[in-house]
Amino acid sequence: MGSHGIKDRVAIVGMSCTRFGEHWDRGLDELIVEAATDAFASAGIAKDDADAFWVGTAQSGMSGLLLSRPLRLHNKPVTRVENYCASGSEAFRQAAYAVCSGAYDVAVALGAEKLKDSGYQGANAAPIPSDGTNRTVTAAAMYSMIVPAYANRYGVSVDEVKTALARIASKNHHNGTLNPRAQYRREMSVEHLLSQPRVAGQLSVFDCAGVADGAAAAVIVRAEDALRYTERPLYVKALSFVAGDGSGVTDATYDYTTFPEVVHCAADAYQQAGITDPRRVLAMAEVHDCFTPTEMVLMEDLGFSQRGHAWKDVMDGAFELSGDLPVNPDGGLKSFGHPVGASGLRMMFEAWLQLRCEAPAERQIATVGERKLALTQNLGGYPGEMVSFVSILGTERD
Amino acid sequence: MNKRYTLEHPGKISWVRGILSHGAYLPYRRLDLATVAEVAGGGGRRGQRAVASFDEDATTMGVEAGRSSLLSADQVEVGSLWFSTVSPPYLDKTNAAAIHAALRLERSCPAYDVIGSVRGSLGALRAALAQDGPALAVAADVRVGLAGGPDEAYFGDGAAALLVGGDSDAPVLAEAGPWVSVTDEVLDRWRTPGELRSKVWEERYGELRYVAAGVEAFEGVLKMAGLTAQQVDQLVVTGTHGRACRSVIGKLGVPPERLVDDFALRVGNTGAADPFLLLAAALEKAEPGQSIVVLVLADGAEALMLTATAAVSQHQVRRPLAAQLAAGAPIGYGRYLAWRGLLAVEPPRRPEPARVSGSAAGRRVPWKFGFVGSRSDDGTINLPPLTGEQEGQPMADAQGTITTFTIDRLSYTPSPPMVFAVVDFDGGGRLPVELTDVDAADVHVGDRVEMTFRRLSTADGIHNYFWKARPLRESSV
């Protein structure tokens, strides 16, 4: 019994990511074809060279036909997976394990989502027949409960927390300006962000992820085969996943200042990768900033900040591009946009660019080379009731 | 000892049945009727009317009244349920079944609707009194008139429940005495099914017919009881015709100070609920030995005499009407019109709620309607109940504290914004739940709340009933 990980046994040899945003003129099929075609090209393979496929989407389609039909795949295994907003990461996990098992030589993980066809602003979950007693509150409102809870627990004023959250949004917007694939590419000053009307608790629309269409993909092979595809593969150091038991929502000891699922998920990933001091060894982290308080809490849950200090580290600029551990250098969900099923793979795509020194020069992280690891953290659900994924990717095979 | 009566054999001494407990429910909001004319171009009057919240209907208010009545008689096992309303949320389907589920009555307890007419609640009470065991009669109404019209100002929303039975069930607070019915086919007030608006015939005609019927019924009751009008200690008069109700009072010979306030300036006429509500008000202040006459003018007249017993002074009313009258908060006329569907306001630009699955709801009736969680071996209370846990934990009467809350301006609700709180219940159990009967600006961490049965939404004609939390107010002690 145990979680052993598959450190250095599989590698990413090709990746792709479409522009995220309002693709009014493009459907899911077009986004999928673009992501798949670019991933094949990135790995230098033809589509028939890929042996198996996993496609992650929260609610844009069903079954493997989602991929096999637009790609005209012939007699290939294709599996559609769903794990809330971590669906793209889930596709990656399944593809990685399939290659690691020896079942396939080359596997493709692809995530895609078409959110902008609903006709409503924001993301809306497809209704599942129910008894009508489920919570009706939005995700924004659930995450907004972090703000007063965090302020209260650590003796910080709500205004100080709000300012730190605006710093997070401002940072991610700034990073987005340096990213041609990002949905939003405008600077947002802290002052401007603080002046926005509240829509859920203390949160404004600018504390929320961009609602976007998009797709991203990765080509995965066994680590020993990786150099046949690329000189600079990314080795999978850790993959961990935790689906919470949902008790936080009804547990009176849960205080909305931490995500226990993420804490356990991160601990498993660090153990798999042999990391003890993530803040010092990671070159970058892509984390699930669905709402700004989420990113703040994640800094503590991932061990980047001490408990109660994330807001201060944010204010000190620790997680900016020029900081000691850049977080969401591609703009994150906030400004890159959040096409749900694609986001987990989009995070890895930034690690792919950064660790290979292929990011645009103005956002290339300076410590890459000296630091050789990147972390992605992808979650779905609500405080007290969530799923969490963590991956660690590296440029060198130990 | 007074003469005692049974319904079936008036005048014949038999075992005594009467009121064991009563519960009144007034919705939290009050409309200042002086604000009507400015908007509607006319209408309104001085005073206020009670306004059901956007998430209330006759069924939910009936549940609240029923809960109140049972709080003071928790040892009584209700043997039958009789529900009356002129604003039924459902036709074909029995509305009383939802009340039955929310009150967690026994499966073997029959539940019936007596709906559609104001007089129906008297039929419900008569039926309840005619039963053998404890029976619960509930009446509730959301009364609507068109903007600026007389009915809008005459009507009010509310509910009341009367638990009836014999001394072997619980102490009888007021013995049901003689009851005289005068049935008269009179075209005075009518409403076509599906219509919002009631119509009325020329007022004077109905007044003459009703006053005659009312005097006839009242005198019949006095005669059976062997009392004079001077010996009536409290007189309740209500009905479908406001002018006739006022007019008949002068013809009865009862001293004016004995008339029970009909709350015309604070609540309004609550339709089928009104006789129950006013009787509950009379019983709240009744003294042992008092004779109370309820006279209802509707398609004839009904006159019922009750005699308060010694038990009435010992009886603890858990949610007194006086406190509920004092607790109300204002609602603007515009929002009131929107709540009743009389003003088309822009809905939130979000997907509307999906309809409830009948079978999914059917599997979870104790949770959805009764607010029954589960209890683990270690004492943990789980809301909703945890799959596999057998031991139910009724939580409807639990009180709790707001641990944290948020105001959600994005979520779909018929009355934005949604106020949503994490509630920790006394004695265990936590639920993130919507708040109701609150103004968003008045909510604070640490506020005390209680649970209330509400209608969350309606889709495909299916009402989604569930529970919300509301601030604990003096009216709820």
# chains A, B, ... in the order shown; residues from 1 in each chain; ligands from 1
>>> closest_atom_pairs(of="chain B", to="chain A", cutoff="6 Å", atoms="only C-alpha atoms", output="tab-separated table")
residue	atom	partner	partner_atom	distance
B:Arg350	CA	A:Tyr120	CA	6.0
B:Val356	CA	A:Gly132	CA	5.3
B:Ser357	CA	A:Ser130	CA	5.3
B:Ala360	CA	A:Asp131	CA	4.8
B:Ala361	CA	A:Asp131	CA	4.0
B:Thr406	CA	A:Gly201	CA	4.7
B:Ile407	CA	A:Gly201	CA	4.9
B:Asp408	CA	A:Ala200	CA	4.4
B:Arg409	CA	A:Val199	CA	4.9
B:Ser411	CA	A:Thr138	CA	5.5
B:Arg430	CA	A:Thr250	CA	4.6
B:Leu431	CA	A:Thr250	CA	5.4
>>> select_by_dssp(residues="region 61-198 of chain B", states="helix (DSSP H, G or I)", output="MDAnalysis selection string")
chainID B and resid 61:71 96:102 120:129 150:154
>>> residues_around(residues="region 142-150 of chain B", least_positions_apart="3", cutoff="8 Å", atoms="only C-alpha atoms", output="PyMOL selection string")
chain B and resi 36-37+40-44+51-52+57-58+87+153-158+196-198+270-271+337+340+342
>>> residues_around(residues="Gly289 (chain B)", least_positions_apart="3", cutoff="7 Å", atoms="only C-alpha atoms", output="PDB file with C-alpha atoms, in the first residue's frame")
ATOM      1  CA  THR B 307     -65.383  28.094  26.116  1.00  0.00           C
ATOM      2  CA  ALA B 308     -61.958  28.690  27.582  1.00  0.00           C
ATOM      3  CA  THR B 309     -60.927  26.245  30.299  1.00  0.00           C
TER       4      THR B 309
END
>>> closest_residue(among="B:His463, B:Arg49, B:Arg473, B:Arg67", to="Arg355 (chain B)", atoms="only C-alpha atoms")
B:His463
>>> residues_around(residues="Ile381 (chain B)", least_positions_apart="3", cutoff="10 Å", atoms="only C-alpha atoms", output="number ranges by chain")
A: 250-251; B: 373-378, 384-386, 391-395, 425, 427-430
>>> select_by_dssp(residues="region 73-220 of chain A", states="strand (DSSP E)", output="CSV table (one decimal) with N, CA and C atoms, in the first residue's frame")
chain,number,residue,atom,x,y,z
A,78,VAL,N,-9.7,6.1,-27.1
A,78,VAL,CA,-9.8,7.4,-26.6
A,78,VAL,C,-10.8,7.4,-25.4
A,79,THR,N,-10.4,8.1,-24.4
A,79,THR,CA,-11.2,8.1,-23.2
A,79,THR,C,-11.5,9.5,-22.8
A,80,ARG,N,-12.7,9.8,-22.5
A,80,ARG,CA,-13.1,11.1,-22.0
A,80,ARG,C,-13.1,11.0,-20.5
A,81,VAL,N,-12.4,12.0,-19.8
A,81,VAL,CA,-12.4,12.0,-18.4
A,81,VAL,C,-12.9,13.4,-17.9
A,106,VAL,N,3.2,5.8,-27.0
A,106,VAL,CA,3.0,7.3,-27.1
A,106,VAL,C,1.5,7.5,-26.7
A,107,ALA,N,1.3,8.4,-25.7
A,107,ALA,CA,-0.1,8.8,-25.4
A,107,ALA,C,-0.2,10.3,-25.4
A,108,VAL,N,-1.5,10.7,-25.7
A,108,VAL,CA,-1.8,12.1,-25.8
A,108,VAL,C,-2.8,12.4,-24.8
A,109,ALA,N,-2.5,13.5,-24.0
A,109,ALA,CA,-3.6,14.0,-23.1
A,109,ALA,C,-4.0,15.4,-23.7
A,110,LEU,N,-5.3,15.6,-23.8
A,110,LEU,CA,-5.8,16.8,-24.3
A,110,LEU,C,-7.0,17.3,-23.5
A,111,GLY,N,-6.9,18.6,-23.2
A,111,GLY,CA,-8.1,19.2,-22.4
A,111,GLY,C,-8.7,20.3,-23.3
A,112,ALA,N,-10.0,20.4,-23.2
A,112,ALA,CA,-10.7,21.4,-24.0
A,112,ALA,C,-12.0,21.8,-23.3
A,113,GLU,N,-12.4,23.0,-23.6
A,113,GLU,CA,-13.7,23.4,-23.1
A,113,GLU,C,-14.2,24.6,-23.9
A,198,ARG,N,-18.5,45.0,-5.6
A,198,ARG,CA,-18.5,43.6,-5.2
A,198,ARG,C,-19.6,42.8,-5.8
A,199,VAL,N,-19.3,41.6,-6.2
A,199,VAL,CA,-20.4,40.7,-6.7
A,199,VAL,C,-20.7,39.6,-5.8
A,200,ALA,N,-19.7,39.2,-5.0
A,200,ALA,CA,-19.8,38.0,-4.1
A,200,ALA,C,-18.9,38.3,-2.9
A,203,LEU,N,-15.6,40.0,-3.1
A,203,LEU,CA,-14.9,39.8,-4.4
A,203,LEU,C,-15.7,40.6,-5.5
A,204,SER,N,-14.9,41.2,-6.4
A,204,SER,CA,-15.4,41.8,-7.6
A,204,SER,C,-15.2,40.8,-8.8
A,214,GLY,N,-11.0,27.2,-25.0
A,214,GLY,CA,-9.6,26.9,-25.4
A,214,GLY,C,-9.3,25.4,-25.2
A,215,ALA,N,-8.1,25.1,-25.7
A,215,ALA,CA,-7.7,23.7,-25.6
A,215,ALA,C,-6.2,23.6,-25.5
A,216,ALA,N,-5.7,22.6,-24.8
A,216,ALA,CA,-4.2,22.4,-24.7
A,216,ALA,C,-4.0,20.9,-24.7
A,217,ALA,N,-2.7,20.5,-25.0
A,217,ALA,CA,-2.4,19.1,-25.2
A,217,ALA,C,-1.0,18.8,-24.9
A,218,ALA,N,-0.7,17.5,-24.5
A,218,ALA,CA,0.6,17.0,-24.2
A,218,ALA,C,0.8,15.7,-24.9
A,219,VAL,N,2.1,15.4,-25.3
A,219,VAL,CA,2.4,14.1,-25.8
A,219,VAL,C,3.4,13.5,-24.8
A,220,ILE,N,3.0,12.3,-24.4
A,220,ILE,CA,3.8,11.6,-23.3
A,220,ILE,C,4.4,10.3,-23.8
>>> residues_around(residues="Arg279 (chain A)", least_positions_apart="6", cutoff="10 Å", atoms="only C-alpha atoms", output="list in words")
Ala285, Met299, Leu302, Gly303, Phe304, Ser305, Ala318, Asp324, Leu325 and Pro326 of chain A
>>> residues_around(residues="Leu33 (chain B)", least_positions_apart="5", cutoff="6 Å", atoms="only C-alpha atoms", output="short mmCIF file (atom, residue, chain, number, x, y, z; two decimals) with C-alpha atoms, in the first residue's frame")
data_model
loop_
_atom_site.label_atom_id
_atom_site.label_comp_id
_atom_site.auth_asym_id
_atom_site.auth_seq_id
_atom_site.Cartn_x
_atom_site.Cartn_y
_atom_site.Cartn_z
CA GLY B 44 -54.00 51.81 -0.62
CA ARG B 45 -55.12 53.08 2.76
CA ARG B 46 -53.59 53.91 6.08
CA GLY B 47 -51.90 51.09 7.94
CA GLN B 48 -50.02 48.03 6.80
#
>>> atom_distance(atom1="CA of Ala327 (chain B)", atom2="CA of Gly370 (chain B)")
25.8 Å
>>> closest_residue(among="B:Asp74, B:Met61, B:Arg107, B:Val186", to="Ala139 (chain B)", atoms="only C-alpha atoms")
B:Met61
>>> atom_distance(atom1="CA of Val242 (chain A)", atom2="CA of Ser388 (chain A)")
5.3 Å
